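**Q** Next up, run_26.pdb (PDB, C-alpha atoms).
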MODEL        1
ATOM      1  CA  MET A   1      45.025 -42.677  32.725
ATOM      2  CA  SER A   2      44.212 -46.121  34.053
ATOM      3  CA  PRO A   3      43.059 -47.345  37.452
ATOM      4  CA  SER A   4      45.558 -49.313  39.464
ATOM      5  CA  THR A   5      44.641 -52.559  41.163
ATOM      6  CA  THR A   6      46.028 -51.162  44.397
ATOM      7  CA  GLU A   7      43.743 -49.455  46.904
ATOM      8  CA  ARG A   8      44.744 -47.773  50.135
ATOM      9  CA  ASP A   9      43.358 -45.586  52.864
ATOM     10  CA  GLY A  10      44.646 -42.222  53.965
ATOM     11  CA  GLY A  11      45.959 -39.054  52.359
ATOM     12  CA  PRO A  12      48.939 -38.528  50.088
ATOM     13  CA  ALA A  13      52.102 -40.351  51.082
ATOM     14  CA  VAL A  14      55.441 -38.705  51.713
ATOM     15  CA  PRO A  15      57.618 -38.893  48.588
ATOM     16  CA  ASP A  16      60.469 -41.393  48.771
ATOM     17  CA  ASP A  17      63.100 -38.668  48.675
ATOM     18  CA  GLY A  18      61.343 -36.640  51.386
ATOM     19  CA  ALA A  19      60.610 -33.723  49.024
ATOM     20  CA  GLN A  20      57.728 -31.556  50.206
ATOM     21  CA  PRO A  21      54.774 -31.128  47.833
ATOM     22  CA  LEU A  22      54.502 -27.737  46.163
ATOM     23  CA  LEU A  23      50.839 -27.924  45.140
ATOM     24  CA  GLY A  24      47.674 -29.834  45.973
ATOM     25  CA  PHE A  25      44.920 -30.354  43.366
ATOM     26  CA  GLY A  26      41.457 -31.820  43.676
ATOM     27  CA  GLU A  27      37.935 -32.041  42.308
ATOM     28  CA  VAL A  28      34.719 -32.814  44.191
ATOM     29  CA  ARG A  29      31.409 -33.747  42.565
ATOM     30  CA  THR A  30      28.208 -33.697  44.626
ATOM     31  CA  CYS A  31      24.795 -35.100  43.751
ATOM     32  CA  LEU A  32      21.753 -36.889  45.127
ATOM     33  CA  ILE A  33      21.998 -40.669  45.490
ATOM     34  CA  GLN A  34      19.800 -42.458  42.968
ATOM     35  CA  ASN A  35      17.600 -44.118  45.565
ATOM     36  CA  LEU A  36      14.036 -43.136  46.410
ATOM     37  CA  ALA A  37      14.441 -43.592  50.160
ATOM     38  CA  GLY A  38      17.364 -42.437  52.239
ATOM     39  CA  LEU A  39      19.905 -45.174  52.928
ATOM     40  CA  SER A  40      20.160 -46.656  56.401
ATOM     41  CA  PRO A  41      23.532 -46.571  58.178
ATOM     42  CA  SER A  42      24.208 -50.210  57.324
ATOM     43  CA  ALA A  43      23.164 -49.701  53.687
ATOM     44  CA  SER A  44      25.474 -46.674  53.412
ATOM     45  CA  VAL A  45      28.394 -48.701  54.738
ATOM     46  CA  ALA A  46      27.655 -51.542  52.323
ATOM     47  CA  LEU A  47      27.439 -49.103  49.408
ATOM     48  CA  MET A  48      30.841 -47.625  50.279
ATOM     49  CA  GLN A  49      32.579 -51.005  50.344
ATOM     50  CA  LEU A  50      33.739 -50.504  46.794
ATOM     51  CA  THR A  51      36.303 -53.269  47.233
ATOM     52  CA  PRO A  52      35.235 -56.321  49.270
ATOM     53  CA  GLY A  53      37.116 -56.476  52.530
ATOM     54  CA  SER A  54      38.381 -52.896  52.404
ATOM     55  CA  PRO A  55      37.681 -50.843  55.540
ATOM     56  CA  VAL A  56      35.061 -48.110  55.411
ATOM     57  CA  SER A  57      35.271 -45.094  57.725
ATOM     58  CA  LYS A  58      32.198 -43.465  59.220
ATOM     59  CA  VAL A  59      31.070 -40.914  61.766
ATOM     60  CA  ASP A  60      27.560 -40.542  63.149
ATOM     61  CA  ARG A  61      27.559 -37.008  64.549
ATOM     62  CA  PRO A  62      26.797 -34.217  63.918
ATOM     63  CA  THR A  63      25.828 -35.690  60.527
ATOM     64  CA  ARG A  64      26.218 -39.280  59.397
ATOM     65  CA  ARG A  65      29.153 -39.508  56.997
ATOM     66  CA  VAL A  66      30.445 -42.731  55.421
ATOM     67  CA  VAL A  67      33.658 -42.698  53.359
ATOM     68  CA  SER A  68      34.905 -45.399  51.006
ATOM     69  CA  PRO A  69      38.534 -46.567  50.986
ATOM     70  CA  GLU A  70      40.900 -44.572  48.835
ATOM     71  CA  GLN A  71      41.352 -45.848  45.295
ATOM     72  CA  VAL A  72      44.600 -45.335  43.434
ATOM     73  CA  THR A  73      44.746 -44.309  39.772
ATOM     74  CA  GLY A  74      48.014 -44.162  37.891
ATOM     75  CA  VAL A  75      48.580 -41.143  35.638
ATOM     76  CA  ASP A  76      51.190 -40.214  33.065
ATOM     77  CA  CYS A  77      50.161 -37.103  31.162
ATOM     78  CA  ARG A  78      51.303 -33.668  30.198
ATOM     79  CA  LEU A  79      50.329 -30.738  32.375
ATOM     80  CA  HIS A  80      48.181 -27.924  31.048
ATOM     81  CA  VAL A  81      50.377 -24.958  31.965
ATOM     82  CA  ALA A  82      49.054 -21.410  31.725
ATOM     83  CA  ARG A  83      51.069 -18.710  29.918
ATOM     84  CA  GLU A  84      54.418 -20.465  29.421
ATOM     85  CA  GLY A  85      56.258 -23.588  30.409
ATOM     86  CA  ARG A  86      55.876 -27.315  29.896
ATOM     87  CA  GLY A  87      55.605 -30.204  32.307
ATOM     88  CA  ARG A  88      54.794 -33.888  32.513
ATOM     89  CA  ALA A  89      52.900 -35.414  35.453
ATOM     90  CA  ILE A  90      53.653 -38.994  36.518
ATOM     91  CA  GLY A  91      52.349 -40.669  39.652
ATOM     92  CA  THR A  92      49.111 -41.672  41.318
ATOM     93  CA  VAL A  93      45.835 -39.942  42.210
ATOM     94  CA  LEU A  94      43.715 -40.854  45.244
ATOM     95  CA  SER A  95      39.919 -40.873  45.032
ATOM     96  CA  HIS A  96      37.051 -41.863  47.289
ATOM     97  CA  ALA A  97      33.285 -41.589  47.622
ATOM     98  CA  VAL A  98      31.329 -40.057  50.506
ATOM     99  CA  VAL A  99      27.698 -40.609  51.519
ATOM    100  CA  THR A 100      26.150 -38.033  53.858
ATOM    101  CA  ASN A 101      23.006 -38.956  55.822
ATOM    102  CA  GLY A 102      22.171 -41.662  53.302
ATOM    103  CA  ARG A 103      21.124 -39.019  50.769
ATOM    104  CA  ILE A 104      24.043 -37.058  49.302
ATOM    105  CA  LEU A 105      26.855 -38.636  47.300
ATOM    106  CA  GLN A 106      30.250 -37.093  46.656
ATOM    107  CA  GLY A 107      33.100 -38.300  44.481
ATOM    108  CA  THR A 108      36.418 -36.651  45.227
ATOM    109  CA  ALA A 109      39.853 -36.989  43.634
ATOM    110  CA  HIS A 110      42.990 -35.349  44.992
ATOM    111  CA  VAL A 111      46.744 -35.324  44.542
ATOM    112  CA  ALA A 112      49.922 -33.649  45.793
ATOM    113  CA  LEU A 113      52.436 -32.404  43.220
ATOM    114  CA  THR A 114      56.162 -32.350  43.811
ATOM    115  CA  SER A 115      59.187 -31.747  41.587
ATOM    116  CA  ALA A 116      60.781 -34.882  40.185
ATOM    117  CA  THR A 117      64.330 -35.544  41.346
ATOM    118  CA  ALA A 118      65.156 -37.650  38.283
ATOM    119  CA  LYS A 119      65.236 -36.273  34.756
ATOM    120  CA  GLU A 120      63.678 -39.388  33.246
ATOM    121  CA  ARG A 121      60.547 -41.391  33.970
ATOM    122  CA  ARG A 122      61.118 -44.071  36.610
ATOM    123  CA  GLU A 123      59.613 -47.541  37.022
ATOM    124  CA  TRP A 124      55.970 -47.712  38.154
ATOM    125  CA  ARG A 125      56.882 -49.351  41.432
ATOM    126  CA  HIS A 126      58.562 -46.086  42.418
ATOM    127  CA  TYR A 127      55.316 -44.126  41.931
ATOM    128  CA  LEU A 128      53.115 -46.799  43.523
ATOM    129  CA  ARG A 129      55.141 -46.521  46.725
ATOM    130  CA  GLN A 130      53.842 -42.943  47.169
ATOM    131  CA  PRO A 131      50.061 -43.014  46.544
ATOM    132  CA  GLY A 132      48.474 -39.638  45.984
ATOM    133  CA  VAL A 133      51.737 -38.029  44.829
ATOM    134  CA  ILE A 134      52.558 -36.858  41.314
ATOM    135  CA  GLU A 135      56.101 -35.974  40.269
ATOM    136  CA  VAL A 136      56.462 -33.172  37.732
ATOM    137  CA  LEU A 137      59.123 -33.564  35.063
ATOM    138  CA  GLY A 138      60.314 -30.256  33.685
ATOM    139  CA  SER A 139      60.430 -26.994  35.577
ATOM    140  CA  PRO A 140      57.186 -25.073  34.960
ATOM    141  CA  ASN A 141      56.343 -22.198  37.294
ATOM    142  CA  PRO A 142      54.018 -23.592  40.024
ATOM    143  CA  HIS A 143      51.632 -20.637  39.649
ATOM    144  CA  ASN A 144      51.315 -21.359  35.935
ATOM    145  CA  VAL A 145      50.665 -25.027  36.699
ATOM    146  CA  MET A 146      47.930 -24.058  39.181
ATOM    147  CA  ASP A 147      46.285 -21.590  36.793
ATOM    148  CA  GLY A 148      46.435 -24.130  33.989
ATOM    149  CA  TYR A 149      44.712 -26.775  36.083
ATOM    150  CA  LEU A 150      41.999 -24.466  37.404
ATOM    151  CA  THR A 151      41.140 -23.129  33.946
ATOM    152  CA  ASP A 152      41.351 -26.437  32.072
ATOM    153  CA  VAL A 153      38.215 -27.398  30.175
ATOM    154  CA  SER A 154      36.495 -30.682  29.422
ATOM    155  CA  PRO A 155      37.866 -32.853  27.956
ATOM    156  CA  ALA A 156      40.937 -31.974  29.961
ATOM    157  CA  ARG A 157      44.117 -30.980  28.185
ATOM    158  CA  GLY A 158      46.207 -31.909  31.217
ATOM    159  CA  LEU A 159      45.722 -33.691  34.526
ATOM    160  CA  ASP A 160      42.153 -35.018  34.386
ATOM    161  CA  LEU A 161      40.853 -35.281  37.961
ATOM    162  CA  ALA A 162      37.329 -34.592  36.652
ATOM    163  CA  SER A 163      37.135 -37.994  34.972
ATOM    164  CA  ILE A 164      38.437 -39.739  38.081
ATOM    165  CA  SER A 165      35.894 -38.131  40.421
ATOM    166  CA  ASP A 166      33.139 -38.697  37.853
ATOM    167  CA  ARG A 167      34.093 -42.349  37.498
ATOM    168  CA  ILE A 168      33.778 -43.055  41.209
ATOM    169  CA  ILE A 169      30.363 -41.333  41.237
ATOM    170  CA  GLY A 170      29.276 -43.546  38.346
ATOM    171  CA  GLU A 171      30.543 -46.685  40.064
ATOM    172  CA  VAL A 172      28.425 -45.967  43.140
ATOM    173  CA  GLN A 173      25.307 -44.871  41.250
ATOM    174  CA  GLN A 174      25.336 -48.061  39.168
ATOM    175  CA  SER A 175      25.339 -50.283  42.255
ATOM    176  CA  ASN A 176      22.594 -52.897  42.392
ATOM    177  CA  ARG A 177      22.063 -51.857  46.020
ATOM    178  CA  LEU A 178      20.214 -48.768  44.718
ATOM    179  CA  ASP A 179      16.782 -48.617  43.064
ATOM    180  CA  HIS A 180      18.033 -45.902  40.651
ATOM    181  CA  THR A 181      15.087 -43.607  41.390
ATOM    182  CA  THR A 182      15.632 -40.186  42.939
ATOM    183  CA  ALA A 183      13.277 -38.336  45.221
ATOM    184  CA  LEU A 184      14.108 -35.043  43.508
ATOM    185  CA  ARG A 185      15.473 -34.074  40.076
ATOM    186  CA  THR A 186      18.688 -32.179  40.729
ATOM    187  CA  GLY A 187      22.020 -31.613  39.055
ATOM    188  CA  THR A 188      25.618 -32.325  39.980
ATOM    189  CA  ALA A 189      27.735 -29.557  41.467
ATOM    190  CA  VAL A 190      31.490 -29.437  40.819
ATOM    191  CA  VAL A 191      34.179 -27.853  42.980
ATOM    192  CA  ARG A 192      37.699 -27.723  41.560
ATOM    193  CA  TRP A 193      40.403 -26.657  43.970
ATOM    194  CA  ALA A 194      44.120 -26.014  44.040
ATOM    195  CA  ALA A 195      46.374 -25.233  46.990
ATOM    196  CA  THR A 196      49.781 -23.623  47.161
ATOM    197  CA  LEU A 197      51.807 -25.538  49.736
ATOM    198  CA  ALA A 198      54.814 -23.970  51.438
ATOM    199  CA  PRO A 199      56.274 -23.928  54.946
ATOM    200  CA  GLN A 200      54.385 -21.397  57.061
ATOM    201  CA  PRO A 201      55.229 -19.414  60.211
ATOM    202  CA  PRO A 202      54.085 -21.183  63.399
ATOM    203  CA  GLN A 203      50.955 -19.049  63.864
ATOM    204  CA  ALA A 204      49.947 -18.894  60.188
ATOM    205  CA  LYS A 205      46.550 -20.265  59.213
ATOM    206  CA  PRO A 206      45.427 -21.691  55.854
ATOM    207  CA  THR A 207      43.558 -19.225  53.623
ATOM    208  CA  VAL A 208      40.832 -19.668  51.011
ATOM    209  CA  GLY A 209      39.454 -17.778  48.009
ATOM    210  CA  ILE A 210      36.363 -18.873  46.037
ATOM    211  CA  THR A 211      35.407 -17.976  42.475
ATOM    212  CA  LYS A 212      32.036 -18.559  40.808
ATOM    213  CA  SER A 213      32.606 -19.873  37.305
ATOM    214  CA  ASP A 214      30.582 -18.980  34.210
ATOM    215  CA  VAL A 215      29.851 -22.706  33.948
ATOM    216  CA  PRO A 216      26.649 -23.578  35.880
ATOM    217  CA  ASN A 217      27.162 -25.415  39.182
ATOM    218  CA  PHE A 218      30.944 -25.035  38.965
ATOM    219  CA  HIS A 219      33.143 -23.345  41.571
ATOM    220  CA  VAL A 220      36.895 -22.804  41.780
ATOM    221  CA  ILE A 221      38.747 -22.635  45.103
ATOM    222  CA  ARG A 222      42.287 -21.373  45.648
ATOM    223  CA  LEU A 223      43.939 -22.182  48.959
ATOM    224  CA  ASN A 224      47.215 -21.507  50.701
ATOM    225  CA  GLY A 225      48.740 -23.578  53.458
ATOM    226  CA  SER A 226      51.611 -25.764  54.517
ATOM    227  CA  PRO A 227      52.177 -29.305  53.219
ATOM    228  CA  GLU A 228      50.925 -30.585  56.581
ATOM    229  CA  ASP A 229      47.610 -28.761  55.987
ATOM    230  CA  LEU A 230      46.746 -30.796  52.891
ATOM    231  CA  PRO A 231      44.384 -33.311  54.612
ATOM    232  CA  LEU A 232      42.562 -30.371  56.217
ATOM    233  CA  LEU A 233      42.249 -28.584  52.864
ATOM    234  CA  ILE A 234      40.882 -31.720  51.181
ATOM    235  CA  ARG A 235      38.272 -32.071  53.926
ATOM    236  CA  PHE A 236      37.335 -28.403  53.760
ATOM    237  CA  CYS A 237      36.731 -28.593  50.017
ATOM    238  CA  GLU A 238      34.434 -31.586  50.494
ATOM    239  CA  GLU A 239      32.457 -29.700  53.137
ATOM    240  CA  PHE A 240      32.264 -26.598  50.980
ATOM    241  CA  ALA A 241      31.080 -28.706  48.031
ATOM    242  CA  LEU A 242      28.349 -30.296  50.142
ATOM    243  CA  HIS A 243      27.055 -26.958  51.420
ATOM    244  CA  GLU A 244      27.292 -25.340  47.994
ATOM    245  CA  TRP A 245      25.181 -28.173  46.559
ATOM    246  CA  LEU A 246      22.599 -27.778  49.333
ATOM    247  CA  LEU A 247      22.301 -24.016  48.740
ATOM    248  CA  THR A 248      22.143 -24.346  44.952
ATOM    249  CA  THR A 249      19.542 -27.127  45.109
ATOM    250  CA  VAL A 250      17.280 -25.193  47.462
ATOM    251  CA  GLN A 251      17.754 -21.791  45.819
ATOM    252  CA  ASP A 252      17.865 -22.700  42.126
ATOM    253  CA  VAL A 253      15.810 -25.887  41.961
ATOM    254  CA  ILE A 254      13.257 -26.358  44.730
ATOM    255  CA  VAL A 255      12.086 -22.770  45.285
ATOM    256  CA  PRO A 256      11.677 -21.814  41.574
ATOM    257  CA  ARG A 257       9.887 -25.091  40.785
ATOM    258  CA  ALA A 258       7.543 -24.665  43.729
ATOM    259  CA  GLU A 259       6.728 -21.090  42.733
ATOM    260  CA  THR A 260       6.007 -22.225  39.174
ATOM    261  CA  ASP A 261       3.865 -25.131  40.372
ATOM    262  CA  ILE A 262       1.804 -22.872  42.625
ATOM    263  CA  ALA A 263       1.287 -20.372  39.794
ATOM    264  CA  ARG A 264       0.056 -23.227  37.574
ATOM    265  CA  ASP A 265      -2.102 -24.721  40.328
ATOM    266  CA  ARG A 266       0.068 -27.814  40.761
ATOM    267  CA  ASP A 267       1.004 -29.271  44.142
ATOM    268  CA  PRO A 268       4.727 -28.854  45.079
ATOM    269  CA  LEU A 269       4.304 -30.054  48.663
ATOM    270  CA  ASP A 270       6.416 -33.212  48.278
ATOM    271  CA  SER A 271       9.502 -31.336  47.131
ATOM    272  CA  LEU A 272       9.041 -28.630  49.772
ATOM    273  CA  LEU A 273       8.815 -31.229  52.535
ATOM    274  CA  PHE A 274      11.840 -33.041  51.094
ATOM    275  CA  ALA A 275      13.827 -29.825  51.362
ATOM    276  CA  LEU A 276      12.738 -29.178  54.942
ATOM    277  CA  ASN A 277      13.005 -32.736  56.228
ATOM    278  CA  GLU A 278      15.962 -34.124  54.274
ATOM    279  CA  LEU A 279      18.158 -31.231  53.131
ATOM    280  CA  ALA A 280      17.811 -28.417  55.668
ATOM    281  CA  PRO A 281      19.080 -30.572  58.589
ATOM    282  CA  LEU A 282      22.294 -31.216  56.637
ATOM    283  CA  TRP A 283      23.315 -27.552  56.791
ATOM    284  CA  MET A 284      26.000 -28.086  59.403
ATOM    285  CA  PRO A 285      29.052 -25.827  58.855
ATOM    286  CA  PRO A 286      32.237 -27.790  59.600
ATOM    287  CA  THR A 287      33.448 -25.556  62.416
ATOM    288  CA  HIS A 288      33.145 -28.557  64.773
ATOM    289  CA  LEU A 289      36.203 -30.101  63.079
ATOM    290  CA  GLY A 290      38.752 -27.794  64.691
ATOM    291  CA  PRO A 291      39.988 -24.204  64.875
ATOM    292  CA  ASP A 292      41.707 -24.223  61.475
ATOM    293  CA  MET A 293      38.567 -25.517  59.755
ATOM    294  CA  LYS A 294      36.530 -22.910  61.627
ATOM    295  CA  ALA A 295      38.895 -20.171  60.446
ATOM    296  CA  LEU A 296      38.597 -21.313  56.819
ATOM    297  CA  TRP A 297      34.805 -21.488  56.985
ATOM    298  CA  GLU A 298      34.460 -18.092  58.657
ATOM    299  CA  ALA A 299      36.751 -16.529  56.042
ATOM    300  CA  MET A 300      34.546 -18.009  53.333
ATOM    301  CA  GLU A 301      31.340 -16.886  55.095
ATOM    302  CA  SER A 302      32.610 -13.324  55.460
ATOM    303  CA  ARG A 303      32.602 -13.000  51.658
ATOM    304  CA  THR A 304      29.735 -15.241  50.575
ATOM    305  CA  HIS A 305      27.249 -15.162  53.512
ATOM    306  CA  TYR A 306      26.217 -18.686  52.549
ATOM    307  CA  SER A 307      24.542 -19.517  55.863
ATOM    308  CA  ARG A 308      22.432 -16.359  55.748
ATOM    309  CA  LEU A 309      21.393 -17.141  52.170
ATOM    310  CA  PHE A 310      20.459 -20.690  53.116
ATOM    311  CA  GLU A 311      18.393 -19.472  56.059
ATOM    312  CA  ARG A 312      16.488 -17.125  53.755
ATOM    313  CA  GLN A 313      15.801 -19.899  51.280
ATOM    314  CA  THR A 314      14.562 -22.293  53.942
ATOM    315  CA  ALA A 315      12.300 -19.528  55.297
ATOM    316  CA  ARG A 316      10.928 -19.068  51.769
ATOM    317  CA  ILE A 317      10.289 -22.811  51.541
ATOM    318  CA  ARG A 318       8.310 -22.707  54.793
ATOM    319  CA  ASP A 319       6.272 -19.810  53.431
ATOM    320  CA  LEU A 320       5.521 -21.759  50.257
ATOM    321  CA  ARG A 321       4.612 -24.846  52.275
ATOM    322  CA  ASP A 322       2.166 -22.836  54.367
ATOM    323  CA  GLN A 323       0.771 -21.217  51.243
ATOM    324  CA  VAL A 324       0.078 -24.627  49.733
ATOM    325  CA  LYS A 325      -1.543 -25.940  52.903
ATOM    326  CA  ILE A 326      -3.998 -23.041  53.229
ATOM    327  CA  ARG A 327      -4.739 -22.778  49.511
ATOM    328  CA  PRO A 328      -8.460 -23.353  48.849
ATOM    329  CA  PRO A 329      -9.326 -26.506  46.869
ATOM    330  CA  ARG A 330      -9.697 -26.235  43.154
ATOM    331  CA  ARG A 331     -13.195 -25.910  41.695
ATOM    332  CA  TYR A 332     -13.924 -27.873  38.564
TER     333      TYR A 332
ENDMDL
END
Represent the structure contained in this file as structure tokens.
**A**
Amino acid sequence: MSPSTTERDGGPAVPDDGAQPLLGFGEVRTCLIQNLAGLSPSASVALMQLTPGSPVSKVDRPTRRVVSPEQVTGVDCRLHVAREGRGRAIGTVLSHAVVTNGRILQGTAHVALTSATAKERREWRHYLRQPGVIEVLGSPNPHNVMDGYLTDVSPARGLDLASISDRIIGEVQQSNRLDHTTALRTGTAVVRWAATLAPQPPQAKPTVGITKSDVPNFHVIRLNGSPEDLPLLIRFCEEFALHEWLLTTVQDVIVPRAETDIARDRDPLDSLLFALNELAPLWMPPTHLGPDMKALWEAMESRTHYSRLFERQTARIRDLRDQVKIRPPRRY
């Protein structure tokens, strides 16, 4: 795979022949920006200008979100197909970075897959005319293609969206606009998703299923929707990845460390206040984005109870903060 010199905004293009995509694939990586202080709005915009002169999109409410322009990466690789079948993927992948509230960084790569109409590989200009679309040579079963992608390991045996999302994270983190010091030691969470795309009845809504992987900080999402739902599904996966990272960081990093520090008579107040002041306000389920997004989030909540878990963890952090504040001074 090699990055193209072309960069564009927007979601996947419509294939030249008008064929509807059969599948949508993506990967989202979420981490803390390597900067001690939170970035100002202007600094976030400057950081997301990955190509000079390219437009950056941003919203200020309910949370500040700045998105880089889409980058285009050309791919020509075999597909990792589960069970049986063979396929070759040729086309382009879109990727972008997201900064939320000047603190959280996401790198996301996504693509729509459609069946190739030609039996042979075509010239690159054909594929560059449809950014974010991959044509599949061969006739593998779409369900086997989806299962193969979702279960692929690192290094990838097929379509490697992990490297593309990781590369855009690395590009941002290496910027000389950052001081490369983090306020909290945390990990990177990964969400890999795949969507089955097919025409739906007029009243049908997209659906979602989430699987916790045996790999730490790794989640798999399966979605169903129409080809027109793909931008919504991409956005939902980014929101899920953000909230999953927030919950994991609070539940598996900040609370256990604070409990250990208190038991060893060390002061965890800085990390507890960071969680309450910087992370807790970012818990903003994306139901404000529209009824379809609300339906997806509520379906996810009905099985995972993420918001209730996050509320419990933030209550525990407040208890630990109060415990530290009233703890008697050490006697030497």
**Q** Could you list, as a PyMOL selection string, every residue matched by the PyMOL selection byres ((chain A and resi 236) around 10) in this structure?
**A** chain A and resi 208+230-235+237-242+286-287+289+292-294+296-297
**Q** Evaluate the PyMOL selection byres ((chain A and resi 244) around 12) on the structure here and hand back the selected residues as a PyMOL selection string.
**A** chain A and resi 28-31+188-191+210+212+217-220+236-243+245-252+282-285+300-301+304-307+309-310
**Q** Decode the PyMOL selection byres ((chain A and resi 64) around 12) for the given file into explicit residues and return them as a PDB file with C-alpha atoms, in the coordinates of the input.
**A**
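That gives us part-v3.pdb:
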ATOM      1  CA  GLY A  38      17.364 -42.437  52.239  1.00  0.00           C
ATOM      2  CA  LEU A  39      19.905 -45.174  52.928  1.00  0.00           C
ATOM      3  CA  SER A  40      20.160 -46.656  56.401  1.00  0.00           C
ATOM      4  CA  PRO A  41      23.532 -46.571  58.178  1.00  0.00           C
ATOM      5  CA  SER A  42      24.208 -50.210  57.324  1.00  0.00           C
ATOM      6  CA  SER A  44      25.474 -46.674  53.412  1.00  0.00           C
ATOM      7  CA  VAL A  45      28.394 -48.701  54.738  1.00  0.00           C
ATOM      8  CA  SER A  57      35.271 -45.094  57.725  1.00  0.00           C
ATOM      9  CA  LYS A  58      32.198 -43.465  59.220  1.00  0.00           C
ATOM     10  CA  VAL A  59      31.070 -40.914  61.766  1.00  0.00           C
ATOM     11  CA  ASP A  60      27.560 -40.542  63.149  1.00  0.00           C
ATOM     12  CA  ARG A  61      27.559 -37.008  64.549  1.00  0.00           C
ATOM     13  CA  PRO A  62      26.797 -34.217  63.918  1.00  0.00           C
ATOM     14  CA  THR A  63      25.828 -35.690  60.527  1.00  0.00           C
ATOM     15  CA  ARG A  65      29.153 -39.508  56.997  1.00  0.00           C
ATOM     16  CA  VAL A  66      30.445 -42.731  55.421  1.00  0.00           C
ATOM     17  CA  VAL A  67      33.658 -42.698  53.359  1.00  0.00           C
ATOM     18  CA  VAL A  98      31.329 -40.057  50.506  1.00  0.00           C
ATOM     19  CA  VAL A  99      27.698 -40.609  51.519  1.00  0.00           C
ATOM     20  CA  THR A 100      26.150 -38.033  53.858  1.00  0.00           C
ATOM     21  CA  ASN A 101      23.006 -38.956  55.822  1.00  0.00           C
ATOM     22  CA  GLY A 102      22.171 -41.662  53.302  1.00  0.00           C
ATOM     23  CA  ARG A 103      21.124 -39.019  50.769  1.00  0.00           C
ATOM     24  CA  ILE A 104      24.043 -37.058  49.302  1.00  0.00           C
ATOM     25  CA  PRO A 281      19.080 -30.572  58.589  1.00  0.00           C
ATOM     26  CA  LEU A 282      22.294 -31.216  56.637  1.00  0.00           C
ATOM     27  CA  MET A 284      26.000 -28.086  59.403  1.00  0.00           C
TER      28      MET A 284
END
**Q** Pick the closest to Leu276 in chain A from A:Thr260, A:Gln313, A:Gln34, A:Ser302: which is it, counting all atoms listed in the file?
**A**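 Of the candidates, the smallest distance to Leu276 in chain A is held by A:Gln313.
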**Q** Quick one: axis-aligned box around all listed atoms of range 288-302 of chain A, 4 Å on every side, centre and edge lengths in Å to one decimal, written as JSON.
**A**
{"center_x": 36.5, "center_y": -21.7, "center_z": 59.1, "size_x": 18.4, "size_y": 24.8, "size_z": 19.5}
**Q** Mind giving me the straight-line distance from CA of Val255 in chain A to CA of Gln174 in chain A in Å, one decimal?
**A**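 So the two atoms, CA of Val255 in chain A and CA of Gln174 in chain A, lie 29.2 Å apart.
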**Q** Hey, can you check how far CA of Arg318 in chain A sits from CA of Arg303 in chain A?
**A**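 Between CA of Arg318 in chain A and CA of Arg303 in chain A the gap works out to 26.3 Å.
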**Q** Kindly give the distance, in Å, that separates CA of Val75 in chain A and CA of Val136 in chain A, rounded to a single decimal.
**A**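 Between CA of Val75 in chain A and CA of Val136 in chain A the gap is 11.4 Å.
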**Q** May I ask which of the residues A:Leu279, A:Phe25, A:Ala315, A:Leu223 is the closest one to Arg192 in chain A, counting only C-alpha atoms?
**A** A:Phe25
**Q** Could you check which of A:Leu137, A:Leu272, A:Leu320, A:Leu32 is closest to His180 in chain A, using all atoms listed in the file?
**A**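 Between A:Leu137, A:Leu272, A:Leu320, A:Leu32, the residue approaching His180 in chain A most closely is A:Leu32.
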**Q** Just so I have it separately, write range 244-267 of chain A from the block I sent, keeping C-alpha atoms, as a PDB file, in the first residue's frame.
**A**
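Once everything was written out, this is selection_7.pdb:
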ATOM      1  CA  GLU A 244     -15.159   3.238  24.655  1.00  0.00           C
ATOM      2  CA  TRP A 245     -11.752   4.872  25.172  1.00  0.00           C
ATOM      3  CA  LEU A 246     -13.165   7.182  27.853  1.00  0.00           C
ATOM      4  CA  LEU A 247     -14.751   4.273  29.753  1.00  0.00           C
ATOM      5  CA  THR A 248     -11.674   2.051  29.472  1.00  0.00           C
ATOM      6  CA  THR A 249      -9.320   4.841  30.565  1.00  0.00           C
ATOM      7  CA  VAL A 250     -11.400   5.714  33.616  1.00  0.00           C
ATOM      8  CA  GLN A 251     -12.262   2.135  34.590  1.00  0.00           C
ATOM      9  CA  ASP A 252      -9.021   0.298  33.818  1.00  0.00           C
ATOM     10  CA  VAL A 253      -6.383   2.998  34.219  1.00  0.00           C
ATOM     11  CA  ILE A 254      -7.312   5.896  36.488  1.00  0.00           C
ATOM     12  CA  VAL A 255      -9.358   4.119  39.172  1.00  0.00           C
ATOM     13  CA  PRO A 256      -6.982   1.130  39.694  1.00  0.00           C
ATOM     14  CA  ARG A 257      -3.918   3.404  39.774  1.00  0.00           C
ATOM     15  CA  ALA A 258      -5.556   5.734  42.269  1.00  0.00           C
ATOM     16  CA  GLU A 259      -6.557   2.839  44.517  1.00  0.00           C
ATOM     17  CA  THR A 260      -3.002   1.491  44.396  1.00  0.00           C
ATOM     18  CA  ASP A 261      -1.514   4.920  45.099  1.00  0.00           C
ATOM     19  CA  ILE A 262      -3.773   5.443  48.108  1.00  0.00           C
ATOM     20  CA  ALA A 263      -2.893   1.996  49.479  1.00  0.00           C
ATOM     21  CA  ARG A 264       0.811   2.870  49.143  1.00  0.00           C
ATOM     22  CA  ASP A 265       0.338   6.352  50.603  1.00  0.00           C
ATOM     23  CA  ARG A 266       1.021   8.145  47.320  1.00  0.00           C
ATOM     24  CA  ASP A 267      -1.005  11.110  46.081  1.00  0.00           C
TER      25      ASP A 267
END
